[in-house]
file run04.cif (mmCIF, C-alpha atoms)
data_protein
#
loop_
_atom_site.label_atom_id
_atom_site.label_comp_id
_atom_site.auth_asym_id
_atom_site.auth_seq_id
_atom_site.Cartn_x
_atom_site.Cartn_y
_atom_site.Cartn_z
CA MET A 1122 10.31 31.69 -2.54
CA SER A 1123 9.95 35.30 -1.49
CA GLU A 1124 11.30 37.85 -3.91
CA THR A 1125 12.19 41.48 -3.26
CA GLN A 1126 11.32 44.23 -5.74
CA THR A 1127 11.99 47.37 -3.71
CA GLU A 1128 14.84 49.60 -4.86
CA GLU A 1129 17.64 50.44 -2.44
CA TYR A 1130 17.17 53.67 -0.52
CA ILE A 1131 20.03 56.01 -1.42
CA VAL A 1132 21.59 58.25 1.23
CA ALA A 1133 22.75 61.32 -0.65
CA THR A 1134 26.11 63.02 -0.12
CA SER A 1135 27.73 66.13 -1.55
CA VAL A 1136 31.21 64.60 -1.19
CA LYS A 1137 32.63 63.09 -4.38
CA ASN A 1138 35.36 60.92 -2.86
CA PRO A 1139 33.79 57.45 -2.16
CA LYS A 1140 36.54 56.38 0.23
CA ARG A 1141 36.16 59.55 2.27
CA VAL A 1142 32.38 59.08 2.35
CA GLU A 1143 32.83 55.52 3.58
CA LYS A 1144 35.29 56.58 6.28
CA ARG A 1145 33.25 59.50 7.54
CA ARG A 1146 29.98 57.56 7.50
CA ALA A 1147 31.63 54.79 9.51
CA GLU A 1148 32.53 57.40 12.12
CA ILE A 1149 28.98 58.77 12.10
CA ILE A 1150 27.49 55.28 12.39
CA ASP A 1151 29.79 54.33 15.26
CA ALA A 1152 28.87 57.48 17.17
CA ALA A 1153 25.15 57.20 16.45
CA VAL A 1154 24.90 53.52 17.44
CA LYS A 1155 26.31 54.28 20.87
CA ILE A 1156 24.13 57.32 21.50
CA PHE A 1157 20.95 55.77 20.09
CA SER A 1158 21.52 52.75 22.35
CA GLU A 1159 21.78 55.02 25.39
CA LYS A 1160 19.16 57.67 24.64
CA GLY A 1161 17.02 56.34 21.81
CA TYR A 1162 16.68 57.81 18.35
CA HIS A 1163 14.19 60.57 19.10
CA ALA A 1164 16.01 61.93 22.17
CA THR A 1165 19.34 62.12 20.34
CA THR A 1166 20.29 65.35 18.59
CA THR A 1167 22.33 65.65 15.42
CA LYS A 1168 24.73 67.89 17.33
CA GLU A 1169 25.42 65.07 19.79
CA ILE A 1170 26.11 62.64 16.96
CA ALA A 1171 28.40 65.06 15.14
CA GLU A 1172 30.41 65.85 18.27
CA ALA A 1173 30.77 62.16 19.13
CA ALA A 1174 31.94 61.53 15.57
CA GLY A 1175 34.55 64.28 15.86
CA MET A 1176 33.02 66.77 13.44
CA ASN A 1177 30.61 69.69 13.42
CA VAL A 1178 27.02 69.43 12.24
CA GLY A 1179 27.75 71.21 8.97
CA THR A 1180 30.48 68.76 8.09
CA MET A 1181 28.34 65.78 9.06
CA PHE A 1182 25.56 66.89 6.75
CA GLN A 1183 27.93 66.73 3.82
CA TYR A 1184 27.83 62.95 4.23
CA VAL A 1185 24.15 62.55 5.16
CA LYS A 1186 21.24 64.88 4.56
CA THR A 1187 18.89 64.12 7.44
CA LYS A 1188 18.79 62.53 10.87
CA GLN A 1189 16.74 59.74 9.31
CA ASP A 1190 19.64 59.03 6.95
CA ILE A 1191 21.79 58.38 10.00
CA LEU A 1192 19.21 55.99 11.46
CA TYR A 1193 18.94 54.17 8.14
CA LEU A 1194 22.72 53.76 7.93
CA VAL A 1195 22.83 52.55 11.53
CA CYS A 1196 20.11 49.96 10.92
CA CYS A 1197 21.80 48.76 7.73
CA HIS A 1198 25.16 48.53 9.50
CA ILE A 1199 23.75 46.40 12.32
CA HIS A 1200 21.89 44.20 9.88
CA SER A 1201 25.01 43.77 7.73
CA LEU A 1202 26.77 42.23 10.74
CA ILE A 1203 24.02 39.63 10.89
CA GLU A 1204 24.09 38.99 7.15
CA LYS A 1205 27.85 38.53 7.05
CA ALA A 1206 27.78 36.06 9.92
CA LEU A 1207 24.97 34.05 8.36
CA TYR A 1208 26.43 33.91 4.86
CA ALA A 1209 29.89 33.03 6.20
CA ALA A 1210 28.42 29.89 7.74
CA THR A 1211 27.14 28.60 4.40
CA SER A 1212 29.00 25.65 2.91
CA GLU A 1213 28.08 23.89 -0.32
CA ASN A 1214 29.74 20.72 0.99
CA SER A 1215 27.37 20.45 3.95
CA THR A 1216 24.31 18.24 3.96
CA PRO A 1217 20.99 20.12 4.09
CA LEU A 1218 20.62 19.37 7.80
CA GLU A 1219 24.21 20.38 8.57
CA ALA A 1220 23.74 23.57 6.56
CA ILE A 1221 20.63 24.70 8.41
CA LYS A 1222 22.27 23.87 11.75
CA LYS A 1223 25.33 25.98 10.84
CA ASP A 1224 23.09 28.83 9.69
CA MET A 1225 21.05 28.81 12.90
CA THR A 1226 24.16 28.68 15.06
CA ALA A 1227 25.79 31.59 13.22
CA LEU A 1228 22.57 33.61 13.25
CA PHE A 1229 21.84 33.12 16.94
CA GLU A 1230 25.45 33.71 17.98
CA ILE A 1231 25.74 37.05 16.16
CA VAL A 1232 22.40 38.20 17.60
CA ASP A 1233 23.72 37.33 21.05
CA GLN A 1234 26.92 39.32 20.41
CA VAL A 1235 25.08 42.46 19.28
CA SER A 1236 21.78 41.93 21.11
CA ASP A 1237 21.48 45.52 22.35
CA TYR A 1238 21.99 46.79 18.82
CA VAL A 1239 19.46 44.30 17.44
CA VAL A 1240 16.85 45.62 19.86
CA LEU A 1241 17.70 49.16 18.82
CA MET A 1242 17.46 48.29 15.13
CA TYR A 1243 14.03 46.72 15.29
CA GLN A 1244 12.60 49.24 17.74
CA GLU A 1245 13.65 52.24 15.68
CA THR A 1246 12.89 50.89 12.19
CA ALA A 1247 9.37 52.29 12.59
CA SER A 1248 10.89 55.79 12.69
CA LEU A 1249 12.04 55.47 9.08
CA ASP A 1250 9.77 56.86 6.38
CA LYS A 1251 7.99 54.46 4.05
CA GLU A 1252 10.65 54.37 1.34
CA ALA A 1253 13.57 53.87 3.72
CA ARG A 1254 11.70 51.28 5.76
CA ARG A 1255 10.82 49.25 2.70
CA SER A 1256 14.42 49.37 1.58
CA PHE A 1257 15.63 48.22 4.98
CA LEU A 1258 13.12 45.38 5.09
CA GLN A 1259 14.65 44.05 1.88
CA ARG A 1260 17.55 42.99 4.06
CA GLU A 1261 15.26 40.98 6.30
CA GLN A 1262 13.77 39.35 3.23
CA ARG A 1263 17.25 38.42 2.01
CA LEU A 1264 17.90 36.56 5.26
CA ARG A 1265 14.59 34.74 4.99
CA ASN A 1266 15.20 33.93 1.32
CA HIS A 1267 18.56 32.42 2.25
CA LEU A 1268 16.96 30.20 4.88
CA GLU A 1269 14.14 29.26 2.52
CA LYS A 1270 16.67 28.08 -0.05
CA GLN A 1271 18.42 25.95 2.56
CA ILE A 1272 15.12 24.33 3.56
CA GLN A 1273 14.11 23.88 -0.07
CA ARG A 1274 17.41 22.14 -0.74
CA GLY A 1275 16.55 19.64 1.99
CA ILE A 1276 13.08 19.06 0.54
CA ASP A 1277 14.44 18.57 -2.97
CA SER A 1278 16.96 16.02 -1.75
CA GLY A 1279 14.29 14.13 0.18
CA VAL A 1280 15.87 14.81 3.59
CA PHE A 1281 13.26 17.24 4.92
CA LYS A 1282 9.71 15.92 5.22
CA VAL A 1283 7.78 19.18 5.28
CA SER A 1284 5.26 20.66 2.87
CA GLN A 1285 6.16 23.27 0.31
CA GLU A 1286 3.70 25.67 1.92
CA SER A 1287 5.56 25.53 5.24
CA VAL A 1288 8.95 26.65 3.88
CA PHE A 1289 8.24 30.36 4.30
CA LEU A 1290 6.92 29.93 7.84
CA ILE A 1291 9.82 27.76 8.99
CA ALA A 1292 12.37 30.24 7.64
CA ASP A 1293 10.49 33.14 9.22
CA ASP A 1294 10.27 31.27 12.53
CA ILE A 1295 14.06 30.86 12.60
CA LEU A 1296 14.50 34.61 12.19
CA VAL A 1297 11.94 35.35 14.90
CA GLN A 1298 13.62 32.88 17.26
CA SER A 1299 16.96 34.66 16.80
CA GLN A 1300 15.34 38.03 17.45
CA MET A 1301 13.57 36.60 20.50
CA TRP A 1302 16.95 36.00 22.12
CA ALA A 1303 17.62 39.74 21.90
CA PHE A 1304 14.19 40.94 22.97
CA ARG A 1305 13.46 38.30 25.61
CA ARG A 1306 16.95 37.54 26.90
CA TRP A 1307 16.01 39.01 30.30
CA SER A 1308 13.66 36.01 30.65
CA LEU A 1309 15.39 33.36 28.54
CA THR A 1310 18.72 33.67 30.32
CA ASN A 1311 17.05 32.43 33.51
CA LYS A 1312 16.85 29.00 31.89
CA PHE A 1313 19.23 29.02 28.93
CA THR A 1314 22.76 29.90 28.00
CA ILE A 1315 23.07 30.93 24.38
CA GLU A 1316 24.64 27.53 23.65
CA LYS A 1317 21.72 25.66 25.22
CA TYR A 1318 19.21 27.92 23.48
CA ILE A 1319 20.80 27.20 20.10
CA ALA A 1320 21.00 23.45 20.76
CA THR A 1321 17.34 23.33 21.87
CA ARG A 1322 16.11 25.33 18.89
CA ILE A 1323 18.08 23.10 16.51
CA GLU A 1324 16.70 19.98 18.15
CA LEU A 1325 13.14 21.24 17.80
CA LEU A 1326 13.70 22.19 14.15
CA GLU A 1327 15.29 18.84 13.35
CA THR A 1328 12.24 17.07 14.77
CA LEU A 1329 10.00 19.26 12.59
CA LEU A 1330 12.02 18.86 9.40
CA THR A 1331 12.74 15.15 9.53
#

call {"tool": "encode", "arguments": {"input": "run04.cif", "output": "structure tokens"}}
result
Amino acid sequence: MSETQTEEYIVATSVKNPKRVEKRRAEIIDAAVKIFSEKGYHATTTKEIAEAAGMNVGTMFQYVKTKQDILYLVCCHIHSLIEKALYAATSENSTPLEAIKKDMTALFEIVDQVSDYVVLMYQETASLDKEARRSFLQREQRLRNHLEKQIQRGIDSGVFKVSQESVFLIADDILVQSQMWAFRRWSLTNKFTIEKYIATRIELLETLLT
């Protein structure tokens, strides 16, 4: 299994009230997501984000310290939507095959719902510095680790007939396939609805696993 050792990147604030920080950062994130989606990260100014969030630049920088901090929070927010959807699908009462099917369905559906934001997230991650990028990629590793555990559960129970060495690749492939729907939807939607895409991907995976 893949393990993550990187420490969480901390976005500093001079405000001592945690609830106020959470509220104000939510406003900043909401404003930044919309503007980044329209203009891109580099073309967006901090003044534009502050105004869209209903505050001046000075006030905004009490809750974040740099423009990169805003991008990091935006990426983490988008990724948290994906994580929540995936983890909510998990059920201990499901068989290994049912569990991986539920996970794939939840993962692909949430990517479809926020596909523009997913594209933004992965395109702009490269703009983060090394420390922030490593911290963000921990989140991706958490998703893969979750899928690896689901596949491993199937192997341990004798349901999945795949090698131990393939677990990482299969889990990673599932993530890439979900991201592909966001990045290649202009092509995929000529042949697939999201429902058909999910059903086809599950069918292919079931053939591989069993």

call {"tool": "resolve_selection", "arguments": {"input": "run04.cif", "expression": "the PyMOL selection byres ((chain A and resi 1163) around 12)", "output": "PyMOL selection string"}}
result
chain A and resi 1153+1156-1162+1164-1167+1188-1189+1192+1241+1244-1249

call {"tool": "residues_around", "arguments": {"input": "run04.cif", "residues": "Leu1268 of chain A", "least_positions_apart": "3", "cutoff": "12 Å", "atoms": "all atoms listed in the file", "output": "MDAnalysis selection string"}}
result
chainID A and resid 1122:1123 1204 1207:1208 1210:1211 1217:1218 1220:1225 1228 1261:1265 1271:1275 1288:1296

call {"tool": "resolve_selection", "arguments": {"input": "run04.cif", "expression": "the PyMOL selection byres ((chain A and resi 1190) around 12)", "output": "VMD selection string"}}
result
chain A and resid 1130 to 1134 1146 1149 to 1150 1153 1162 1167 1181 to 1189 1191 to 1197 1246 1248 to 1250 1252 to 1254 1257

call {"tool": "residues_near_point", "arguments": {"input": "run04.cif", "point": "(8.8, 21.3, 9.4)", "cutoff": "7 Å", "atoms": "only C-alpha atoms", "output": "number ranges by chain"}}
result
A: 1282-1283, 1287, 1291, 1326, 1329-1330

call {"tool": "closest_residue", "arguments": {"input": "run04.cif", "among": "A:Thr1226, A:Gln1259, A:Gln1300, A:Ser1215", "to": "Tyr1238 of chain A", "atoms": "all atoms listed in the file"}}
result
A:Gln1300

call {"tool": "atom_distance", "arguments": {"input": "run04.cif", "atom1": "atom CA of Glu1172 of chain A", "atom2": "atom CA of Arg1141 of chain A"}}
result
18.1 Å

call {"tool": "closest_residue", "arguments": {"input": "run04.cif", "among": "A:Ile1199, A:Met1176, A:Val1240, A:Ala1152", "to": "Arg1305 of chain A", "atoms": "all atoms listed in the file"}}
result
A:Val1240

call {"tool": "atom_distance", "arguments": {"input": "run04.cif", "atom1": "atom CA of Trp1302 of chain A", "atom2": "atom CA of Asp1233 of chain A"}}
result
7.0 Å

call {"tool": "atom_distance", "arguments": {"input": "run04.cif", "atom1": "atom CA of Leu1202 of chain A", "atom2": "atom CA of Ala1147 of chain A"}}
result
13.5 Å

call {"tool": "closest_residue", "arguments": {"input": "run04.cif", "among": "A:Gln1285, A:Ser1299, A:Ser1212, A:Ser1278", "to": "Val1239 of chain A", "atoms": "all atoms listed in the file"}}
result
A:Ser1299

call {"tool": "decode", "arguments": {"input": "run04.cif", "residues": "segment 1181-1211 of chain A", "atoms": "C-alpha atoms", "output": "CSV table (one decimal), in the first residue's frame"}}
result
chain,number,residue,atom,x,y,z
A,1181,MET,CA,-8.3,39.3,2.6
A,1182,PHE,CA,-4.7,39.0,3.5
A,1183,GLN,CA,-5.6,38.7,7.2
A,1184,TYR,CA,-6.9,35.3,6.3
A,1185,VAL,CA,-4.3,34.2,3.7
A,1186,LYS,CA,-0.8,35.5,3.2
A,1187,THR,CA,-0.2,35.0,-0.6
A,1188,LYS,CA,-2.1,34.4,-3.8
A,1189,GLN,CA,-0.6,30.9,-3.8
A,1190,ASP,CA,-2.4,30.3,-0.4
A,1191,ILE,CA,-5.7,31.1,-2.2
A,1192,LEU,CA,-4.9,28.6,-5.0
A,1193,TYR,CA,-3.9,25.9,-2.4
A,1194,LEU,CA,-7.2,26.4,-0.5
A,1195,VAL,CA,-9.2,26.3,-3.8
A,1196,CYS,CA,-7.5,23.1,-4.9
A,1197,CYS,CA,-8.1,21.5,-1.4
A,1198,HIS,CA,-11.7,22.6,-1.5
A,1199,ILE,CA,-12.4,21.0,-4.8
A,1200,HIS,CA,-10.6,17.9,-3.9
A,1201,SER,CA,-12.5,17.6,-0.6
A,1202,LEU,CA,-15.7,17.5,-2.6
A,1203,ILE,CA,-14.3,14.4,-4.4
A,1204,GLU,CA,-13.1,12.8,-1.1
A,1205,LYS,CA,-16.4,13.3,0.7
A,1206,ALA,CA,-18.4,11.7,-2.2
A,1207,LEU,CA,-16.0,8.8,-2.4
A,1208,TYR,CA,-15.9,8.0,1.3
A,1209,ALA,CA,-19.7,8.4,1.6
A,1210,ALA,CA,-20.1,5.6,-0.8
A,1211,THR,CA,-18.1,3.2,1.4
